[in-house]
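For reference, protein13.cif (mmCIF, C-alpha atoms (C1' of nucleotides); chains and numbers go by the auth columns):
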```cif
data_query
#
loop_
_atom_site.group_PDB
_atom_site.id
_atom_site.type_symbol
_atom_site.label_atom_id
_atom_site.label_comp_id
_atom_site.label_asym_id
_atom_site.label_seq_id
_atom_site.Cartn_x
_atom_site.Cartn_y
_atom_site.Cartn_z
_atom_site.B_iso_or_equiv
_atom_site.auth_seq_id
_atom_site.auth_asym_id
ATOM 1 C CA MET A 1 39.081 107.841 41.460 0.00 203 A
ATOM 2 C CA PRO A 2 36.262 105.709 42.706 0.00 204 A
ATOM 3 C CA PRO A 3 36.204 104.904 46.384 0.00 205 A
ATOM 4 C CA LYS A 4 38.380 101.973 47.077 0.00 206 A
ATOM 5 C CA LYS A 5 37.885 99.576 49.892 0.00 207 A
ATOM 6 C CA PRO A 6 39.756 100.421 53.080 0.00 208 A
ATOM 7 C CA ALA A 7 43.174 99.042 53.810 0.00 209 A
ATOM 8 C CA GLU A 8 42.276 95.448 54.297 0.00 210 A
ATOM 9 C CA PRO A 9 44.822 92.906 55.478 0.00 211 A
ATOM 10 C CA LEU A 10 45.892 90.306 52.981 0.00 212 A
ATOM 11 C CA PRO A 11 43.292 87.689 52.166 0.00 213 A
ATOM 12 C CA PHE A 12 43.065 84.823 54.575 0.00 214 A
ATOM 13 C CA SER A 13 44.295 82.304 52.037 0.00 215 A
ATOM 14 C CA GLU A 14 47.317 84.461 51.168 0.00 216 A
ATOM 15 C CA ASN A 15 48.391 84.705 54.756 0.00 217 A
ATOM 16 C CA VAL A 16 47.852 81.025 55.304 0.00 218 A
ATOM 17 C CA MET A 17 50.079 80.101 52.387 0.00 219 A
ATOM 18 C CA ARG A 18 52.670 82.579 53.565 0.00 220 A
ATOM 19 C CA GLN A 19 52.722 81.125 57.043 0.00 221 A
ATOM 20 C CA VAL A 20 52.840 77.540 55.908 0.00 222 A
ATOM 21 C CA ARG A 21 55.704 78.241 53.547 0.00 223 A
ATOM 22 C CA ALA A 22 57.499 79.880 56.461 0.00 224 A
ATOM 23 C CA ILE A 23 57.571 76.670 58.464 0.00 225 A
ATOM 24 C CA PRO A 24 61.186 75.472 58.579 0.00 226 A
ATOM 25 C CA ARG A 25 62.068 72.025 57.327 0.00 227 A
ATOM 26 C CA GLY A 26 61.891 69.378 60.005 0.00 228 A
ATOM 27 C CA GLN A 27 59.429 71.405 62.034 0.00 229 A
ATOM 28 C CA VAL A 28 55.661 71.266 62.257 0.00 230 A
ATOM 29 C CA ARG A 29 52.930 73.703 63.162 0.00 231 A
ATOM 30 C CA SER A 30 49.284 73.256 64.075 0.00 232 A
ATOM 31 C CA TYR A 31 46.320 74.478 62.053 0.00 233 A
ATOM 32 C CA ALA A 32 45.416 76.771 64.913 0.00 234 A
ATOM 33 C CA GLN A 33 48.912 78.225 65.037 0.00 235 A
ATOM 34 C CA VAL A 34 48.873 78.930 61.318 0.00 236 A
ATOM 35 C CA ALA A 35 45.479 80.561 61.631 0.00 237 A
ATOM 36 C CA LEU A 36 46.688 82.620 64.556 0.00 238 A
ATOM 37 C CA TYR A 37 49.773 83.909 62.765 0.00 239 A
ATOM 38 C CA ALA A 38 47.657 84.445 59.657 0.00 240 A
ATOM 39 C CA GLY A 39 45.693 86.978 61.647 0.00 241 A
ATOM 40 C CA ARG A 40 42.541 84.900 62.065 0.00 242 A
ATOM 41 C CA PRO A 41 42.671 83.254 65.482 0.00 243 A
ATOM 42 C CA GLY A 42 40.196 80.426 65.680 0.00 244 A
ATOM 43 C CA ALA A 43 40.041 79.938 61.952 0.00 245 A
ATOM 44 C CA ALA A 44 41.863 76.633 62.033 0.00 246 A
ATOM 45 C CA ARG A 45 39.144 75.157 59.881 0.00 247 A
ATOM 46 C CA GLY A 46 39.786 77.673 57.163 0.00 248 A
ATOM 47 C CA VAL A 47 43.432 76.642 57.175 0.00 249 A
ATOM 48 C CA GLY A 48 42.563 73.013 56.588 0.00 250 A
ATOM 49 C CA ARG A 49 40.175 74.031 53.858 0.00 251 A
ATOM 50 C CA GLU A 50 42.864 76.018 52.081 0.00 252 A
ATOM 51 C CA LEU A 51 45.410 73.257 52.335 0.00 253 A
ATOM 52 C CA LYS A 52 43.120 70.653 50.891 0.00 254 A
ATOM 53 C CA LEU A 53 42.932 72.701 47.694 0.00 255 A
ATOM 54 C CA LEU A 54 46.646 72.212 47.118 0.00 256 A
ATOM 55 C CA PRO A 55 47.815 69.768 44.448 0.00 257 A
ATOM 56 C CA GLY A 56 49.340 67.765 47.250 0.00 258 A
ATOM 57 C CA GLN A 57 52.352 66.666 45.297 0.00 259 A
ATOM 58 C CA ALA A 58 53.762 69.322 43.025 0.00 260 A
ATOM 59 C CA THR A 59 53.381 72.246 45.346 0.00 261 A
ATOM 60 C CA GLN A 60 55.749 74.694 46.940 0.00 262 A
ATOM 61 C CA VAL A 61 53.632 74.827 50.043 0.00 263 A
ATOM 62 C CA PRO A 62 54.804 72.309 52.644 0.00 264 A
ATOM 63 C CA TRP A 63 51.283 71.347 53.699 0.00 265 A
ATOM 64 C CA TRP A 64 52.620 68.221 55.392 0.00 266 A
ATOM 65 C CA ARG A 65 54.195 70.387 58.088 0.00 267 A
ATOM 66 C CA VAL A 66 50.736 71.371 59.295 0.00 268 A
ATOM 67 C CA ILE A 67 49.238 68.949 61.756 0.00 269 A
ATOM 68 C CA ARG A 68 46.483 68.914 64.331 0.00 270 A
ATOM 69 C CA SER A 69 46.855 70.753 67.588 0.00 271 A
ATOM 70 C CA ASP A 70 46.963 67.531 69.563 0.00 272 A
ATOM 71 C CA GLY A 71 49.804 66.183 67.473 0.00 273 A
ATOM 72 C CA THR A 72 47.765 63.798 65.344 0.00 274 A
ATOM 73 C CA LEU A 73 47.518 63.840 61.564 0.00 275 A
ATOM 74 C CA ALA A 74 44.349 64.529 59.610 0.00 276 A
ATOM 75 C CA PRO A 75 42.937 61.193 58.309 0.00 277 A
ATOM 76 C CA PRO A 76 42.663 61.990 54.556 0.00 278 A
ATOM 77 C CA VAL A 77 46.346 62.781 54.265 0.00 279 A
ATOM 78 C CA ALA A 78 47.830 61.055 57.291 0.00 280 A
ATOM 79 C CA HIS A 79 49.714 58.428 55.322 0.00 281 A
ATOM 80 C CA GLU A 80 51.364 60.737 52.816 0.00 282 A
ATOM 81 C CA GLN A 81 51.955 63.295 55.529 0.00 283 A
ATOM 82 C CA ALA A 82 53.685 60.847 57.849 0.00 284 A
ATOM 83 C CA LYS A 83 55.886 59.728 54.986 0.00 285 A
ATOM 84 C CA ARG A 84 56.942 63.255 54.120 0.00 286 A
ATOM 85 C CA LEU A 85 57.510 64.216 57.735 0.00 287 A
ATOM 86 C CA ARG A 86 59.678 61.219 58.387 0.00 288 A
ATOM 87 C CA ALA A 87 61.666 62.152 55.299 0.00 289 A
ATOM 88 C CA GLU A 88 62.436 65.426 57.042 0.00 290 A
ATOM 89 C CA GLY A 89 63.555 63.750 60.210 0.00 291 A
ATOM 90 C CA VAL A 90 60.350 64.316 62.164 0.00 292 A
ATOM 91 C CA THR A 91 59.532 61.363 64.352 0.00 293 A
ATOM 92 C CA VAL A 92 56.031 60.108 63.664 0.00 294 A
ATOM 93 C CA ALA A 93 54.636 57.327 65.817 0.00 295 A
ATOM 94 C CA GLN A 94 52.960 54.375 64.134 0.00 296 A
ATOM 95 C CA HIS A 95 49.669 55.658 65.383 0.00 297 A
ATOM 96 C CA GLY A 96 50.282 58.796 63.330 0.00 298 A
ATOM 97 C CA GLN A 97 51.168 61.009 66.214 0.00 299 A
ATOM 98 C CA VAL A 98 53.902 63.623 66.179 0.00 300 A
ATOM 99 C CA PHE A 99 55.738 64.267 69.379 0.00 301 A
ATOM 100 C CA ARG A 100 55.014 67.572 70.986 0.00 302 A
ATOM 101 C CA VAL A 101 58.679 68.442 70.732 0.00 303 A
ATOM 102 C CA ALA A 102 58.233 68.960 67.010 0.00 304 A
ATOM 103 C CA LEU A 103 55.086 70.981 67.543 0.00 305 A
ATOM 104 C CA LYS A 104 56.327 73.520 70.016 0.00 306 A
ATOM 105 C CA ASP A 105 57.341 76.863 68.655 0.00 307 A
ATOM 106 C CA ARG A 106 57.306 78.437 72.068 0.00 308 A
ATOM 107 C CA GLU A 107 59.685 77.908 74.917 0.00 309 A
ATOM 108 C CA ASP A 108 56.788 76.867 77.021 0.00 310 A
ATOM 109 C CA GLY A 109 55.946 73.267 76.690 0.00 311 A
ATOM 110 C "C1'" DA B 1 20.441 83.414 49.569 0.00 236 B
ATOM 111 C "C1'" DA B 2 20.542 79.442 52.771 0.00 237 B
ATOM 112 C "C1'" DT B 3 22.322 74.979 54.041 0.00 238 B
ATOM 113 C "C1'" DA B 4 25.679 71.388 54.255 0.00 239 B
ATOM 114 C "C1'" DT B 5 30.372 69.922 54.516 0.00 240 B
ATOM 115 C "C1'" DG B 6 35.273 69.554 55.944 0.00 241 B
ATOM 116 C "C1'" DA B 7 42.942 68.117 56.288 0.00 242 B
ATOM 117 C "C1'" DC B 8 40.095 72.127 63.004 0.00 243 B
ATOM 118 C "C1'" DC B 9 40.094 73.924 68.051 0.00 244 B
ATOM 119 C "C1'" DA B 10 38.818 75.102 72.702 0.00 245 B
ATOM 120 C "C1'" DT B 11 35.447 74.688 76.187 0.00 246 B
ATOM 121 C "C1'" DA B 12 31.773 72.585 78.743 0.00 247 B
ATOM 122 C "C1'" DC B 13 29.602 68.627 80.910 0.00 248 B
ATOM 123 C "C1'" DT C 1 37.376 59.857 79.001 0.00 104 C
ATOM 124 C "C1'" DG C 2 33.972 60.631 75.561 0.00 105 C
ATOM 125 C "C1'" DT C 3 30.312 63.423 73.530 0.00 106 C
ATOM 126 C "C1'" DA C 4 28.250 67.971 72.457 0.00 107 C
ATOM 127 C "C1'" DT C 5 28.452 72.902 71.207 0.00 108 C
ATOM 128 C "C1'" DG C 6 29.987 77.226 69.255 0.00 109 C
ATOM 129 C "C1'" DG C 7 33.297 79.552 66.377 0.00 110 C
ATOM 130 C "C1'" DC C 8 35.765 80.145 61.919 0.00 111 C
ATOM 131 C "C1'" DC C 9 36.286 80.169 56.721 0.00 112 C
ATOM 132 C "C1'" DA C 10 35.575 78.891 51.725 0.00 113 C
ATOM 133 C "C1'" DT C 11 33.302 75.608 48.353 0.00 114 C
ATOM 134 C "C1'" DA C 12 29.555 73.148 46.628 0.00 115 C
ATOM 135 C "C1'" DT C 13 24.525 72.427 46.090 0.00 116 C
#
```
Show this structure as structure tokens.
Amino acid sequence: MPPKKPAEPLPFSENVMRQVRAIPRGQVRSYAQVALYAGRPGAARGVGRELKLLPGQATQVPWWRVIRSDGTLAPPVAHEQAKRLRAEGVTVAQHGQVFRVALKDREDG
DNA sequence: AATATGACCATAC
DNA sequence: TGTATGGCCATAT
């Protein structure tokens, strides 16, 4: 058989989708966190890029549970995102800021 | 193939 | 407290 490429981890996009789908309802995670758990620390930008490809409405991937590291929502989707988050019981300030309580996935905070 | 762009982040000043 | 810089990743030109 022809030489196959070495055991390469799952594609970045695959891992991203996997991680995002793994976010429990009512909880949020930052782009950086998703990137980190996807095996590409620092690739937060790639996460955002992947998510923006999603249909946005009829998708299984809960993209709205991914927010910025500082707790704010990305401008292009902030409105829809805030709406969906609130529907899950996540408190979103009028300014479009999610409390850090919802962001933390570590005991430290 | 190189450059520009974007739902980003951490650090430096 | 803001602005700048480098890193990261895929798409579009």
| task | For chain A, report every residue with an atom at most 12 Å from chain B (counting only C-alpha atoms (C1' of nucleotides)), formatted as a VMD selection string. | result | chain A and resid 232 to 238 243 to 256 258 265 to 272 274 to 283
Take the residues that were just selected and, keeping C-alpha atoms, output them as a PDB file, in the coordinates of the input.
```pdb
ATOM      1  CA  SER A 232      49.284  73.256  64.075  1.00  0.00           C
ATOM      2  CA  TYR A 233      46.320  74.478  62.053  1.00  0.00           C
ATOM      3  CA  ALA A 234      45.416  76.771  64.913  1.00  0.00           C
ATOM      4  CA  GLN A 235      48.912  78.225  65.037  1.00  0.00           C
ATOM      5  CA  VAL A 236      48.873  78.930  61.318  1.00  0.00           C
ATOM      6  CA  ALA A 237      45.479  80.561  61.631  1.00  0.00           C
ATOM      7  CA  LEU A 238      46.688  82.620  64.556  1.00  0.00           C
ATOM      8  CA  PRO A 243      42.671  83.254  65.482  1.00  0.00           C
ATOM      9  CA  GLY A 244      40.196  80.426  65.680  1.00  0.00           C
ATOM     10  CA  ALA A 245      40.041  79.938  61.952  1.00  0.00           C
ATOM     11  CA  ALA A 246      41.863  76.633  62.033  1.00  0.00           C
ATOM     12  CA  ARG A 247      39.144  75.157  59.881  1.00  0.00           C
ATOM     13  CA  GLY A 248      39.786  77.673  57.163  1.00  0.00           C
ATOM     14  CA  VAL A 249      43.432  76.642  57.175  1.00  0.00           C
ATOM     15  CA  GLY A 250      42.563  73.013  56.588  1.00  0.00           C
ATOM     16  CA  ARG A 251      40.175  74.031  53.858  1.00  0.00           C
ATOM     17  CA  GLU A 252      42.864  76.018  52.081  1.00  0.00           C
ATOM     18  CA  LEU A 253      45.410  73.257  52.335  1.00  0.00           C
ATOM     19  CA  LYS A 254      43.120  70.653  50.891  1.00  0.00           C
ATOM     20  CA  LEU A 255      42.932  72.701  47.694  1.00  0.00           C
ATOM     21  CA  LEU A 256      46.646  72.212  47.118  1.00  0.00           C
ATOM     22  CA  GLY A 258      49.340  67.765  47.250  1.00  0.00           C
ATOM     23  CA  TRP A 265      51.283  71.347  53.699  1.00  0.00           C
ATOM     24  CA  TRP A 266      52.620  68.221  55.392  1.00  0.00           C
ATOM     25  CA  ARG A 267      54.195  70.387  58.088  1.00  0.00           C
ATOM     26  CA  VAL A 268      50.736  71.371  59.295  1.00  0.00           C
ATOM     27  CA  ILE A 269      49.238  68.949  61.756  1.00  0.00           C
ATOM     28  CA  ARG A 270      46.483  68.914  64.331  1.00  0.00           C
ATOM     29  CA  SER A 271      46.855  70.753  67.588  1.00  0.00           C
ATOM     30  CA  ASP A 272      46.963  67.531  69.563  1.00  0.00           C
ATOM     31  CA  THR A 274      47.765  63.798  65.344  1.00  0.00           C
ATOM     32  CA  LEU A 275      47.518  63.840  61.564  1.00  0.00           C
ATOM     33  CA  ALA A 276      44.349  64.529  59.610  1.00  0.00           C
ATOM     34  CA  PRO A 277      42.937  61.193  58.309  1.00  0.00           C
ATOM     35  CA  PRO A 278      42.663  61.990  54.556  1.00  0.00           C
ATOM     36  CA  VAL A 279      46.346  62.781  54.265  1.00  0.00           C
ATOM     37  CA  ALA A 280      47.830  61.055  57.291  1.00  0.00           C
ATOM     38  CA  HIS A 281      49.714  58.428  55.322  1.00  0.00           C
ATOM     39  CA  GLU A 282      51.364  60.737  52.816  1.00  0.00           C
ATOM     40  CA  GLN A 283      51.955  63.295  55.529  1.00  0.00           C
TER      41      GLN A 283
END
```
For this session: Name the residues that the PyMOL selection byres ((chain C) within 12 of (chain A)) pulls out of this structure, and write them as a PyMOL selection string.
Result: chain C and resi 109-114
**Item:** One-decimal distance in Å that lies between CA of Ala224 (chain A) and CA of Arg288 (chain A)
**Value:**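 CA of Ala224 (chain A) lies at a distance of 18.9 Å from CA of Arg288 (chain A).
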Separating CA of Pro264 (chain A) from CA of Gln299 (chain A), to the nearest tenth of an Å, is a gap of 18.0 Å
**Nearest residue to Arg227 (chain A) from the set A:Ala289, A:Pro213, A:Thr261, A:Tyr239 (distances using all atoms listed in the file)** =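 Among A:Ala289, A:Pro213, A:Thr261, A:Tyr239, it is A:Ala289 that comes nearest to Arg227 (chain A).
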Enclose the full set of atoms of chain B listed in the file within a box whose edges lie along x, y and z, apply 4 Å of padding to each of the six sides, and report centre and edge lengths in Å to one decimal as lines of an AutoDock Vina configuration file.
```
center_x = 31.7
center_y = 75.8
center_z = 65.2
size_x = 30.5
size_y = 23.3
size_z = 39.3
```
As a check of understanding: the span from CA of Gly228 (chain A) to CA of Glu216 (chain A) is 22.8 Å
- For this file, the PyMOL selection byres ((chain A and resi 229) around 8) selects which residues, as a ChimeraX atom specification? /A:225-228,230-231,267,292,304-305
